[in-house]
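Novice: Supplied structure: coords-v9.csv, CSV, C-alpha atoms and all ligand atoms.
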```csv
chain,number,residue,atom,x,y,z
A,1,MET,CA,81.3,154.6,118.7
A,2,ILE,CA,81.5,150.8,118.5
A,3,THR,CA,84.2,149.7,116.1
A,4,ARG,CA,84.1,146.3,114.5
A,5,PRO,CA,87.3,144.2,114.7
A,6,GLU,CA,89.3,143.9,111.5
A,7,ARG,CA,90.7,140.5,112.4
A,8,VAL,CA,89.5,137.9,114.9
A,9,THR,CA,91.3,134.8,116.2
A,10,VAL,CA,89.1,132.0,117.6
A,11,ARG,CA,90.4,128.9,119.4
A,12,VAL,CA,88.3,125.7,119.3
A,13,PRO,CA,88.9,122.4,121.2
A,14,ALA,CA,88.8,118.8,120.0
A,15,LYS,CA,86.1,116.4,121.4
A,16,ILE,CA,86.3,112.9,122.6
A,17,ASN,CA,83.3,110.6,123.3
A,18,LEU,CA,83.4,109.0,126.8
A,19,HIS,CA,80.4,107.0,125.8
A,20,LEU,CA,79.2,106.5,122.2
A,21,GLY,CA,76.0,104.4,121.9
A,22,VAL,CA,74.8,104.0,118.4
A,23,GLY,CA,71.1,103.2,117.8
A,24,PRO,CA,69.3,102.4,114.6
A,25,LEU,CA,69.9,103.9,111.2
A,26,ARG,CA,67.3,106.6,110.6
A,27,ALA,CA,65.4,107.4,107.3
A,28,ASP,CA,67.7,110.5,106.9
A,29,GLY,CA,70.8,108.4,106.8
A,30,TYR,CA,72.0,109.3,110.3
A,31,HIS,CA,72.1,107.0,113.3
A,32,GLU,CA,70.3,107.8,116.5
A,33,LEU,CA,73.1,108.4,119.1
A,34,THR,CA,73.4,108.6,122.8
A,35,THR,CA,76.8,110.0,123.5
A,36,VAL,CA,78.8,111.7,126.3
A,37,PHE,CA,81.1,114.3,124.8
A,38,GLN,CA,84.0,115.9,126.5
A,39,ALA,CA,86.0,118.9,125.1
A,40,VAL,CA,89.8,118.4,125.6
A,41,GLY,CA,92.7,120.8,125.4
A,42,LEU,CA,93.9,120.1,121.8
A,43,TYR,CA,93.0,123.1,119.6
A,44,ASP,CA,92.5,124.5,116.1
A,45,GLU,CA,92.9,128.2,115.7
A,46,LEU,CA,91.2,130.3,113.0
A,47,THR,CA,92.2,133.9,112.2
A,48,VAL,CA,89.6,135.5,110.0
A,49,SER,CA,90.2,138.9,108.3
A,50,PRO,CA,88.6,140.8,105.3
A,51,ALA,CA,89.9,139.7,101.8
A,52,PRO,CA,88.8,140.3,98.2
A,53,ALA,CA,87.0,136.9,98.2
A,54,LEU,CA,86.4,134.0,100.6
A,55,HIS,CA,89.4,131.7,100.8
A,56,VAL,CA,91.1,129.3,103.2
A,57,LYS,CA,94.8,128.9,104.2
A,58,VAL,CA,95.8,125.8,106.2
A,59,THR,CA,98.8,125.2,108.4
A,60,GLY,CA,99.6,122.6,111.1
A,61,GLU,CA,98.4,119.0,111.5
A,62,GLY,CA,97.4,117.4,108.2
A,63,SER,CA,98.4,120.5,106.1
A,64,GLY,CA,102.1,120.0,105.7
A,65,GLU,CA,104.1,118.6,102.8
A,66,GLU,CA,101.7,115.9,101.8
A,67,PRO,CA,100.9,115.8,98.1
A,68,HIS,CA,97.6,117.5,97.2
A,69,ASP,CA,95.2,116.8,94.4
A,70,ALA,CA,93.8,119.0,91.7
A,71,ALA,CA,90.8,120.0,93.9
A,72,GLY,CA,93.3,121.7,96.2
A,73,THR,CA,93.0,119.2,99.0
A,74,VAL,CA,96.1,119.4,101.2
A,75,GLY,CA,96.3,116.3,103.3
A,76,HIS,CA,92.6,115.9,103.9
A,77,VAL,CA,91.8,119.6,104.5
A,78,PRO,CA,90.1,121.2,101.4
A,79,ARG,CA,91.1,124.9,100.8
A,80,ASP,CA,88.1,125.7,98.6
A,81,ALA,CA,84.4,126.5,99.4
A,82,THR,CA,83.8,122.9,100.5
A,83,ASN,CA,86.0,123.5,103.6
A,84,LEU,CA,83.6,123.2,106.6
A,85,ALA,CA,85.0,126.5,108.0
A,86,ALA,CA,84.3,128.3,104.7
A,87,ARG,CA,80.8,126.8,104.6
A,88,ALA,CA,80.1,127.9,108.1
A,89,LEU,CA,81.3,131.5,107.4
A,90,THR,CA,79.2,131.6,104.3
A,91,ALA,CA,76.2,130.4,106.3
A,92,VAL,CA,76.5,132.8,109.1
A,93,THR,CA,77.2,135.9,107.0
A,94,ALA,CA,74.3,135.0,104.7
A,95,ARG,CA,72.1,134.6,107.8
A,96,VAL,CA,73.0,138.1,109.1
A,97,GLY,CA,73.0,139.7,105.6
A,98,ALA,CA,76.8,140.5,105.4
A,99,SER,CA,79.5,139.8,102.9
A,100,SER,CA,81.5,136.5,103.1
A,101,ALA,CA,84.6,138.1,101.6
A,102,TYR,CA,87.2,136.9,104.2
A,103,GLU,CA,90.4,135.0,104.5
A,104,ILE,CA,90.3,132.1,107.0
A,105,ALA,CA,93.8,131.2,108.2
A,106,LEU,CA,93.3,127.8,109.8
A,107,HIS,CA,96.0,126.5,112.0
A,108,LYS,CA,95.3,122.8,112.7
A,109,GLY,CA,96.3,121.3,116.1
A,110,ILE,CA,93.5,118.6,115.8
A,111,PRO,CA,94.4,115.8,113.4
A,112,VAL,CA,92.2,115.6,110.3
A,113,ALA,CA,89.8,112.6,110.1
A,114,GLY,CA,91.0,111.5,113.5
A,115,GLY,CA,87.7,111.0,115.3
A,116,LEU,CA,88.2,114.2,117.3
A,117,ALA,CA,85.7,116.4,115.4
A,118,GLY,CA,88.4,118.7,113.9
A,119,GLY,CA,86.2,119.7,111.0
A,120,SER,CA,83.4,120.5,113.3
A,121,ALA,CA,85.7,122.6,115.5
A,122,ASP,CA,86.6,124.6,112.4
A,123,ALA,CA,83.0,125.2,111.5
A,124,ALA,CA,82.2,126.3,115.1
A,125,GLY,CA,85.1,128.7,115.1
A,126,ALA,CA,84.1,130.2,111.8
A,127,LEU,CA,80.5,130.8,113.1
A,128,LEU,CA,81.9,132.6,116.1
A,129,ALA,CA,84.4,134.6,114.0
A,130,GLY,CA,81.6,135.6,111.5
A,131,LEU,CA,79.5,137.0,114.3
A,132,SER,CA,82.3,138.8,115.9
A,133,LEU,CA,83.5,140.4,112.6
A,134,THR,CA,80.0,141.5,111.5
A,135,GLY,CA,79.0,142.7,114.9
A,136,ALA,CA,75.7,140.7,114.4
A,137,GLU,CA,74.0,138.8,117.2
A,138,LEU,CA,72.0,135.6,117.0
A,139,SER,CA,70.1,133.9,119.8
A,140,ARG,CA,71.7,130.7,121.2
A,141,GLY,CA,68.9,128.7,119.6
A,142,GLU,CA,69.5,130.2,116.1
A,143,LEU,CA,73.3,129.7,116.4
A,144,ASP,CA,72.8,126.1,117.5
A,145,ARG,CA,70.5,125.4,114.5
A,146,LEU,CA,73.1,126.9,112.1
A,147,ALA,CA,75.7,124.7,113.8
A,148,ALA,CA,73.7,121.5,113.6
A,149,ASP,CA,73.0,122.1,109.8
A,150,LEU,CA,76.8,122.1,109.3
A,151,GLY,CA,77.5,118.8,111.2
A,152,SER,CA,76.3,116.7,114.1
A,153,ASP,CA,79.3,117.6,116.3
A,154,VAL,CA,79.3,121.4,115.6
A,155,PRO,CA,76.9,122.4,118.4
A,156,PHE,CA,79.2,120.6,120.9
A,157,ALA,CA,82.3,122.4,119.6
A,158,LEU,CA,80.5,125.7,120.4
A,159,HIS,CA,79.5,124.6,123.9
A,160,GLY,CA,82.4,122.6,125.1
A,161,GLY,CA,82.6,121.1,128.7
A,162,THR,CA,81.0,117.7,129.1
A,163,ALA,CA,77.6,117.1,127.6
A,164,LEU,CA,75.1,114.4,126.7
A,165,GLY,CA,74.4,114.4,123.0
A,166,THR,CA,71.2,112.8,121.6
A,167,GLY,CA,69.5,112.8,118.2
A,168,ARG,CA,72.3,112.7,115.7
A,169,GLY,CA,74.5,114.0,118.5
A,170,GLU,CA,73.4,117.7,118.0
A,171,ARG,CA,70.9,117.9,120.9
A,172,LEU,CA,72.9,118.7,124.0
A,173,THR,CA,72.4,118.6,127.8
A,174,PRO,CA,75.3,119.6,130.0
A,175,VAL,CA,76.5,116.8,132.3
A,176,LEU,CA,77.4,117.7,135.8
A,177,GLY,CA,80.7,116.4,136.9
A,178,HIS,CA,83.7,117.0,139.1
A,179,GLY,CA,87.3,117.1,138.5
A,180,ARG,CA,89.6,117.2,135.5
A,181,TYR,CA,90.8,114.3,133.5
A,182,SER,CA,94.2,113.7,131.9
A,183,TRP,CA,94.0,112.0,128.5
A,184,VAL,CA,96.7,110.7,126.2
A,185,LEU,CA,95.7,110.8,122.5
A,186,ALA,CA,97.5,108.4,120.3
A,187,LEU,CA,97.4,109.8,116.7
A,188,ALA,CA,97.4,107.5,113.7
A,189,SER,CA,99.2,108.0,110.4
A,190,GLY,CA,96.0,107.9,108.3
A,191,GLY,CA,92.4,108.9,108.8
A,192,LEU,CA,89.2,107.0,108.9
A,193,SER,CA,86.0,108.2,107.1
A,194,THR,CA,83.1,108.6,109.5
A,195,PRO,CA,80.5,107.4,107.0
A,196,ASP,CA,82.7,104.3,106.2
A,197,VAL,CA,82.9,103.4,109.9
A,198,PHE,CA,79.1,103.8,110.4
A,199,ASP,CA,78.5,101.7,107.3
A,200,GLU,CA,80.8,99.0,108.6
A,201,LEU,CA,78.9,98.9,111.9
A,202,ASP,CA,75.6,98.5,109.9
A,203,ARG,CA,77.2,95.5,108.1
A,204,GLN,CA,78.4,93.9,111.3
A,205,ARG,CA,75.0,94.4,112.9
A,206,ALA,CA,73.2,92.9,109.9
A,207,ARG,CA,75.4,89.8,110.1
A,208,ALA,CA,74.8,89.5,113.8
A,209,HIS,CA,71.1,89.9,113.3
A,210,ALA,CA,71.1,87.2,110.6
A,211,ALA,CA,72.8,84.9,113.0
A,212,GLY,CA,70.0,85.5,115.5
A,213,HIS,CA,71.9,87.8,118.0
A,214,VAL,CA,69.8,90.4,119.8
A,215,GLN,CA,71.2,93.9,119.5
A,216,VAL,CA,71.4,96.0,122.7
A,217,VAL,CA,72.4,99.6,122.7
A,218,ALA,CA,75.0,100.3,125.4
A,219,ASP,CA,73.8,102.2,128.5
A,220,HIS,CA,75.4,105.7,129.0
A,221,THR,CA,74.4,106.0,132.7
A,222,PRO,CA,77.6,104.4,134.1
A,223,VAL,CA,79.7,107.1,132.5
A,224,VAL,CA,77.4,109.8,133.9
A,225,ALA,CA,77.6,108.3,137.4
A,226,ALA,CA,81.4,108.0,137.2
A,227,LEU,CA,81.7,111.7,136.2
A,228,ARG,CA,79.7,112.6,139.3
A,229,THR,CA,82.3,110.9,141.5
A,230,GLY,CA,85.2,112.7,139.8
A,231,GLU,CA,87.3,109.6,140.2
A,232,PRO,CA,89.4,108.8,137.0
A,233,GLU,CA,89.6,105.1,138.1
A,234,GLN,CA,85.8,104.8,137.9
A,235,LEU,CA,85.6,106.6,134.6
A,236,GLY,CA,88.4,104.5,133.1
A,237,ARG,CA,86.4,101.3,133.8
A,238,VAL,CA,83.2,102.4,132.0
A,239,LEU,CA,84.5,104.2,128.8
A,240,HIS,CA,82.6,102.7,125.9
A,241,ASN,CA,82.4,103.1,122.1
A,242,ASP,CA,79.9,101.2,120.0
A,243,LEU,CA,81.9,102.2,116.9
A,244,GLN,CA,85.1,100.6,118.1
A,245,PRO,CA,84.5,97.1,116.5
A,246,ALA,CA,83.8,98.8,113.2
A,247,ALA,CA,86.9,101.1,113.4
A,248,LEU,CA,89.0,98.0,114.3
A,249,ALA,CA,87.7,96.0,111.3
A,250,LEU,CA,88.7,98.9,109.0
A,251,ALA,CA,92.0,99.6,110.8
A,252,PRO,CA,93.1,96.4,112.6
A,253,GLU,CA,96.4,98.0,113.6
A,254,LEU,CA,94.5,100.0,116.3
A,255,GLN,CA,94.3,96.9,118.5
A,256,GLY,CA,98.1,97.3,119.0
A,257,VAL,CA,97.6,100.8,120.2
A,258,LEU,CA,94.9,99.8,122.6
A,259,ASP,CA,97.1,96.9,123.9
A,260,ALA,CA,100.0,99.3,124.4
A,261,ALA,CA,97.8,101.7,126.3
A,262,HIS,CA,96.5,98.9,128.6
A,263,ASP,CA,100.0,97.4,129.1
A,264,ALA,CA,101.3,100.8,130.1
A,265,GLY,CA,98.7,101.1,132.8
A,266,ALA,CA,96.0,103.3,131.3
A,267,LEU,CA,92.8,103.4,133.5
A,268,GLY,CA,90.9,102.8,130.3
A,269,ALA,CA,91.5,103.1,126.5
A,270,ILE,CA,89.1,103.2,123.6
A,271,VAL,CA,88.9,104.4,120.0
A,272,SER,CA,87.8,108.0,120.0
A,273,GLY,CA,84.6,108.5,118.0
A,274,SER,CA,84.9,106.9,114.5
A,275,GLY,CA,88.7,106.7,115.0
A,276,PRO,CA,91.5,106.2,114.3
A,277,THR,CA,92.7,108.2,117.3
A,278,VAL,CA,92.9,106.1,120.5
A,279,MET,CA,92.2,107.9,123.8
A,280,ALA,CA,93.7,106.6,127.0
A,281,LEU,CA,92.9,107.9,130.5
A,282,ALA,CA,95.7,108.6,133.0
A,283,ARG,CA,95.5,109.1,136.8
A,284,ASP,CA,96.7,112.7,136.6
A,285,GLU,CA,98.8,115.0,134.5
A,286,GLN,CA,102.1,113.5,135.6
A,287,ASP,CA,100.8,109.9,134.9
A,288,ALA,CA,99.6,111.2,131.5
A,289,VAL,CA,103.2,112.2,130.5
A,290,ARG,CA,104.5,108.8,131.6
A,291,LEU,CA,101.7,107.0,129.8
A,292,ALA,CA,102.3,109.1,126.6
A,293,GLY,CA,106.0,108.1,126.7
A,294,ARG,CA,105.2,104.4,127.0
A,295,ILE,CA,102.7,104.5,124.2
A,296,ALA,CA,105.1,106.4,122.0
A,297,GLU,CA,107.9,103.9,122.7
A,298,SER,CA,105.6,101.0,121.7
A,299,GLY,CA,105.9,102.3,118.1
A,300,THR,CA,102.2,101.6,117.5
A,301,CYS,CA,101.1,105.1,116.6
A,302,ARG,CA,102.4,108.2,114.7
A,303,ALA,CA,102.4,110.7,117.6
A,304,VAL,CA,101.0,111.2,121.1
A,305,ARG,CA,99.4,114.2,122.7
A,306,VAL,CA,98.5,114.9,126.3
A,307,ALA,CA,95.3,116.8,126.8
A,308,ASP,CA,93.1,117.7,129.8
A,309,GLY,CA,89.4,117.9,129.9
A,310,PRO,CA,86.8,119.3,130.2
A,311,VAL,CA,87.7,122.6,128.6
A,312,HIS,CA,85.6,125.5,127.2
A,313,GLY,CA,84.1,125.4,123.7
A,314,ALA,CA,84.9,127.8,120.9
A,315,ARG,CA,86.3,131.2,122.2
A,316,VAL,CA,87.4,134.4,120.6
A,317,VAL,CA,91.0,134.8,121.8
A,318,SER,CA,92.0,138.1,120.1
A,319,ARG,CA,90.4,141.0,118.2
A,320,THR,CA,92.4,143.5,116.3
A,321,GLY,CA,90.6,146.8,115.5
A,322,ARG,CA,91.0,149.1,112.5
B,401,LIG,O1,77.0,115.1,110.8
B,401,LIG,P1,78.3,114.8,110.1
B,401,LIG,O2,78.4,115.5,108.8
B,401,LIG,O3,79.5,115.1,111.0
B,401,LIG,O4,78.3,113.3,109.9
B,401,LIG,C1,79.1,112.7,109.0
B,401,LIG,C2,78.6,111.3,108.6
B,401,LIG,O5,78.7,110.4,109.7
B,401,LIG,C3,77.2,111.3,108.2
B,401,LIG,O6,77.0,111.5,106.8
B,401,LIG,C4,76.8,109.8,108.5
B,401,LIG,O7,77.2,108.9,107.5
B,401,LIG,C5,77.5,109.5,109.7
B,401,LIG,N1,76.7,109.8,111.0
B,401,LIG,C6,75.7,108.9,111.3
B,401,LIG,N2,75.0,109.1,112.4
B,401,LIG,C7,75.2,110.2,113.2
B,401,LIG,C8,76.2,111.1,112.9
B,401,LIG,C9,77.0,110.9,111.7
B,401,LIG,O8,75.5,107.9,110.6
B,401,LIG,N3,74.4,110.4,114.3
```
Can you give me the file's structure in the form of structure tokens?

Specialist:
Amino acid sequence: MITRPERVTVRVPAKINLHLGVGPLRADGYHELTTVFQAVGLYDELTVSPAPALHVKVTGEGSGEEPHDAAGTVGHVPRDATNLAARALTAVTARVGASSAYEIALHKGIPVAGGLAGGSADAAGALLAGLSLTGAELSRGELDRLAADLGSDVPFALHGGTALGTGRGERLTPVLGHGRYSWVLALASGGLSTPDVFDELDRQRARAHAAGHVQVVADHTPVVAALRTGEPEQLGRVLHNDLQPAALALAPELQGVLDAAHDAGALGAIVSGSGPTVMALARDEQDAVRLAGRIAESGTCRAVRVADGPVHGARVVSRTGR
């Protein structure tokens, strides 16, 4: 007899963008992207178990003693049905005709609103936990569609590794590469809203257009070529983020973090996604520890983390039976 697990724990990595090329704003409010994602070893963990009704408990990064508002927002992580993990669990259980009465105990290792797709990671984790708990199966295509409906980065959080993302970022093609990369992630005190950063980029581009500048979307092929060599020195030279000028306009203090990373000998340093996390590439693991120490000493960021990439996407790490 097949017994269904009573409780499932899923681990999901953060993502960084080695290249983020932002194209025009589409009629649906999203921008056409060409991006190279890499999953890195900084994780959120979700433990999902049956409960009288769907609810979310949050611990870890962004959940602590910060004051919370009447809507129950702790830090920036909502604990009600608007939480992306709760929405994902509702979507997957509805799709397979099962109850959504579960508790989601969310342990955040990925900073909230940090440009590392933490919310998307939680959604991907809840999709996987929902399937595991109900014993239902969906084709990869169906699961990817559910994921993309929840957010542009959710399909990548399921897949992991290194991948080219097109469309809004949800259409994925694996990128062949060699080697592992050691990153230092410099975490900021506050968060940046992704829509605000995209809006700022639109304003900057409108001004540049009015001034007669021709807009060119950055080419992602140097990053793909560098990944094929497996040489961190080559990758460090070609890291690129079209959102960086907009993130810097909204959070000018990030320039200090980028300068500290360059001064400390990073092979490359850019804002991660829509920020405010800054990602710096080291030569190897040992160099990453040294670089992290130097960036921390500079006093330009809240905390530093060392993370390797690429790593796997969302994975079930434990199942407890009845
Ligand atoms: O898809 P997701 O919910 O993560 O996107 C958050 C917001 O980021 C969108 O509402 C949109 O403002 C912006 N975005 C965008 N173009 C994309 C992805 C996200 O403008 N390709």

Novice: Let me make sure I understand: among A:Pro245, A:Pro174, A:Gly141, A:Gly115, which one has the smallest atom-to-atom distance to ligand LIG 401 (chain B) if we use only C-alpha atoms and all ligand atoms?

Specialist: A:Gly115

Novice: Compute the set of protein, DNA and RNA residues whose minimum atom distance to ligand LIG 401 (chain B) is at most 8 Å, using only C-alpha atoms and all ligand atoms, and state it as a PyMOL selection string.

Specialist: chain A and resi 22+25+29-33+117+120+148+150-154+167-169+194-196+198-199

Novice: Write out as CSV the residues of segment 7-82 of chain A that have any atom within 10 Å of an atom of segment 211-221 of chain A, one row each with the nearest atom pair and its distance in Å to one decimal, counting all atoms listed in the file, sorted by chain and then rising number.

Specialist:
```
residue,atom,partner,partner_atom,distance
A:Leu18,CA,A:His220,CA,8.9
A:His19,CA,A:His220,CA,6.1
A:Leu20,CA,A:His220,CA,7.8
A:Gly21,CA,A:Ala218,CA,5.5
A:Val22,CA,A:Val217,CA,6.6
A:Gly23,CA,A:Val217,CA,6.2
A:Pro24,CA,A:Val217,CA,9.1
A:Leu33,CA,A:Val217,CA,9.5
A:Thr34,CA,A:His220,CA,7.1
A:Thr35,CA,A:His220,CA,7.1
A:Val36,CA,A:His220,CA,7.4
```

Novice: Please report as JSON lines every residue of segment 173-235 of chain A lying within 7 Å of segment 276-288 of chain A, along with the nearest atom pair and their distance in Å (one decimal), using all atoms listed in the file.

Specialist:
```
{"residue": "A:Tyr181", "atom": "CA", "partner": "A:Asp284", "partner_atom": "CA", "distance": 6.9}
{"residue": "A:Ser182", "atom": "CA", "partner": "A:Asp284", "partner_atom": "CA", "distance": 5.4}
{"residue": "A:Trp183", "atom": "CA", "partner": "A:Leu281", "partner_atom": "CA", "distance": 4.7}
{"residue": "A:Val184", "atom": "CA", "partner": "A:Ala280", "partner_atom": "CA", "distance": 5.1}
{"residue": "A:Leu185", "atom": "CA", "partner": "A:Met279", "partner_atom": "CA", "distance": 4.7}
{"residue": "A:Ala186", "atom": "CA", "partner": "A:Val278", "partner_atom": "CA", "distance": 5.1}
{"residue": "A:Leu187", "atom": "CA", "partner": "A:Thr277", "partner_atom": "CA", "distance": 5.0}
{"residue": "A:Ala188", "atom": "CA", "partner": "A:Thr277", "partner_atom": "CA", "distance": 6.0}
{"residue": "A:Gly191", "atom": "CA", "partner": "A:Pro276", "partner_atom": "CA", "distance": 6.2}
{"residue": "A:Leu192", "atom": "CA", "partner": "A:Pro276", "partner_atom": "CA", "distance": 5.9}
{"residue": "A:Pro232", "atom": "CA", "partner": "A:Arg283", "partner_atom": "CA", "distance": 6.1}
```

Novice: Give me a file of those residues, with C-alpha atoms, as a PDB file, in the frame of the given file.

Specialist:
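Everything below was put into out-v7.pdb:
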```pdb
ATOM      1  CA  TYR A 181      90.800 114.300 133.500  1.00  0.00           C
ATOM      2  CA  SER A 182      94.200 113.700 131.900  1.00  0.00           C
ATOM      3  CA  TRP A 183      94.000 112.000 128.500  1.00  0.00           C
ATOM      4  CA  VAL A 184      96.700 110.700 126.200  1.00  0.00           C
ATOM      5  CA  LEU A 185      95.700 110.800 122.500  1.00  0.00           C
ATOM      6  CA  ALA A 186      97.500 108.400 120.300  1.00  0.00           C
ATOM      7  CA  LEU A 187      97.400 109.800 116.700  1.00  0.00           C
ATOM      8  CA  ALA A 188      97.400 107.500 113.700  1.00  0.00           C
ATOM      9  CA  GLY A 191      92.400 108.900 108.800  1.00  0.00           C
ATOM     10  CA  LEU A 192      89.200 107.000 108.900  1.00  0.00           C
ATOM     11  CA  PRO A 232      89.400 108.800 137.000  1.00  0.00           C
TER      12      PRO A 232
END
```

Novice: Determine, counting all atoms listed in the file, which protein, DNA and RNA residues have an atom within 10 Å of an atom of Ile110 of chain A; residues of the same chain fewer than 5 positions away are not included. Present the result as a list in words.

Specialist: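 So the residues in contact are Val12, Pro13, Ala14, Lys15, Gly41, Leu42, Tyr43, Asp44, Glu45, Gly60, Glu61, Gly62, Gly115, Leu116, Ala117, Gly118, Gly119, Ala121, Asp122 and Leu187 of chain A.
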
Novice: For C-alpha atoms, I'd like the residues from the last selection saved as an mmCIF file, in the coordinates of the input.

Specialist:
```cif
data_model
loop_
_atom_site.group_PDB
_atom_site.id
_atom_site.type_symbol
_atom_site.label_atom_id
_atom_site.label_comp_id
_atom_site.auth_asym_id
_atom_site.auth_seq_id
_atom_site.Cartn_x
_atom_site.Cartn_y
_atom_site.Cartn_z
ATOM 1 C CA VAL A 12 88.300 125.700 119.300
ATOM 2 C CA PRO A 13 88.900 122.400 121.200
ATOM 3 C CA ALA A 14 88.800 118.800 120.000
ATOM 4 C CA LYS A 15 86.100 116.400 121.400
ATOM 5 C CA GLY A 41 92.700 120.800 125.400
ATOM 6 C CA LEU A 42 93.900 120.100 121.800
ATOM 7 C CA TYR A 43 93.000 123.100 119.600
ATOM 8 C CA ASP A 44 92.500 124.500 116.100
ATOM 9 C CA GLU A 45 92.900 128.200 115.700
ATOM 10 C CA GLY A 60 99.600 122.600 111.100
ATOM 11 C CA GLU A 61 98.400 119.000 111.500
ATOM 12 C CA GLY A 62 97.400 117.400 108.200
ATOM 13 C CA GLY A 115 87.700 111.000 115.300
ATOM 14 C CA LEU A 116 88.200 114.200 117.300
ATOM 15 C CA ALA A 117 85.700 116.400 115.400
ATOM 16 C CA GLY A 118 88.400 118.700 113.900
ATOM 17 C CA GLY A 119 86.200 119.700 111.000
ATOM 18 C CA ALA A 121 85.700 122.600 115.500
ATOM 19 C CA ASP A 122 86.600 124.600 112.400
ATOM 20 C CA LEU A 187 97.400 109.800 116.700
#
```

Novice: Could you jot down the atom CA of Leu267 of chain A to atom CA of Gly114 of chain A separation for me, Å, one decimal place?

Specialist: 21.7 Å

Novice: Quick one: residues within 9 Å of Val175 of chain A, all atoms listed in the file, excluding same-chain residues fewer than 3 positions away - as a compact mmCIF listing (two decimals) with C-alpha atoms, in the frame of the given file?

Specialist:
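part.txt, written as the output of this step:
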```
# COMPACT_ATOMS: atom_id res chain seq x y z
CA VAL A 36 78.80 111.70 126.30
CA GLY A 161 82.60 121.10 128.70
CA THR A 162 81.00 117.70 129.10
CA ALA A 163 77.60 117.10 127.60
CA LEU A 164 75.10 114.40 126.70
CA VAL A 224 77.40 109.80 133.90
CA LEU A 227 81.70 111.70 136.20
CA ARG A 228 79.70 112.60 139.30
```

Novice: One decimal, Å: what's the distance from atom CA of Arg237 of chain A over to atom CA of Gly265 of chain A, could you say?

Specialist: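 Answer for the atom CA of Arg237 of chain A to atom CA of Gly265 of chain A separation: 12.3 Å.
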
Novice: Between atom CA of Ala136 of chain A and atom CA of Arg319 of chain A, what distance in Å does the model show, to one decimal?

Specialist: 15.2 Å

Novice: Using all atoms listed in the file, which of A:Ser132, A:Ser274, A:Thr59, A:Ser139 sits nearest Ala105 of chain A?

Specialist: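 Residue with the minimum atom-to-atom distance to Ala105 of chain A: A:Thr59.
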
Novice: For Leu176 of chain A, which of A:Leu138, A:Ala88, A:Val197, A:Ala225 is the closest residue, counting all atoms listed in the file?

Specialist: A:Ala225

Novice: Near segment 50-52 of chain A, within 10 Å and counting all atoms listed in the file, which residues show up once chain neighbours fewer than 6 positions away are dropped, as a PDB file with C-alpha atoms, in the coordinates of the input?

Specialist:
```
ATOM      1  CA  GLU A   6      89.300 143.900 111.500  1.00  0.00           C
ATOM      2  CA  ARG A   7      90.700 140.500 112.400  1.00  0.00           C
ATOM      3  CA  SER A  99      79.500 139.800 102.900  1.00  0.00           C
ATOM      4  CA  SER A 100      81.500 136.500 103.100  1.00  0.00           C
ATOM      5  CA  ALA A 101      84.600 138.100 101.600  1.00  0.00           C
ATOM      6  CA  TYR A 102      87.200 136.900 104.200  1.00  0.00           C
ATOM      7  CA  GLU A 103      90.400 135.000 104.500  1.00  0.00           C
ATOM      8  CA  ILE A 104      90.300 132.100 107.000  1.00  0.00           C
ATOM      9  CA  LEU A 133      83.500 140.400 112.600  1.00  0.00           C
TER      10      LEU A 133
END
```

Novice: Point out the residue among A:Gly321, A:Pro222, A:Pro310, A:Gly130 with the least atom-to-atom distance to Arg4 of chain A, counting only C-alpha atoms.

Specialist: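 Of A:Gly321, A:Pro222, A:Pro310, A:Gly130, the one nearest Arg4 of chain A, counting only C-alpha atoms, is A:Gly321.
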
Novice: If I put a ball of radius 10 Å at (84.1, 126.1, 125.2) in the file's coordinates, which residues poke into it when counting all atoms listed in the file, written as a VMD selection string?

Specialist: chain A and resid 11 to 13 39 to 40 156 to 162 310 to 315

Novice: Excluding same-chain residues fewer than 3 positions from Asp263 of chain A, what lies within 10 Å of it counting all atoms listed in the file, as a ChimeraX atom specification?

Specialist: /A:257-260,266,291,294-295,298
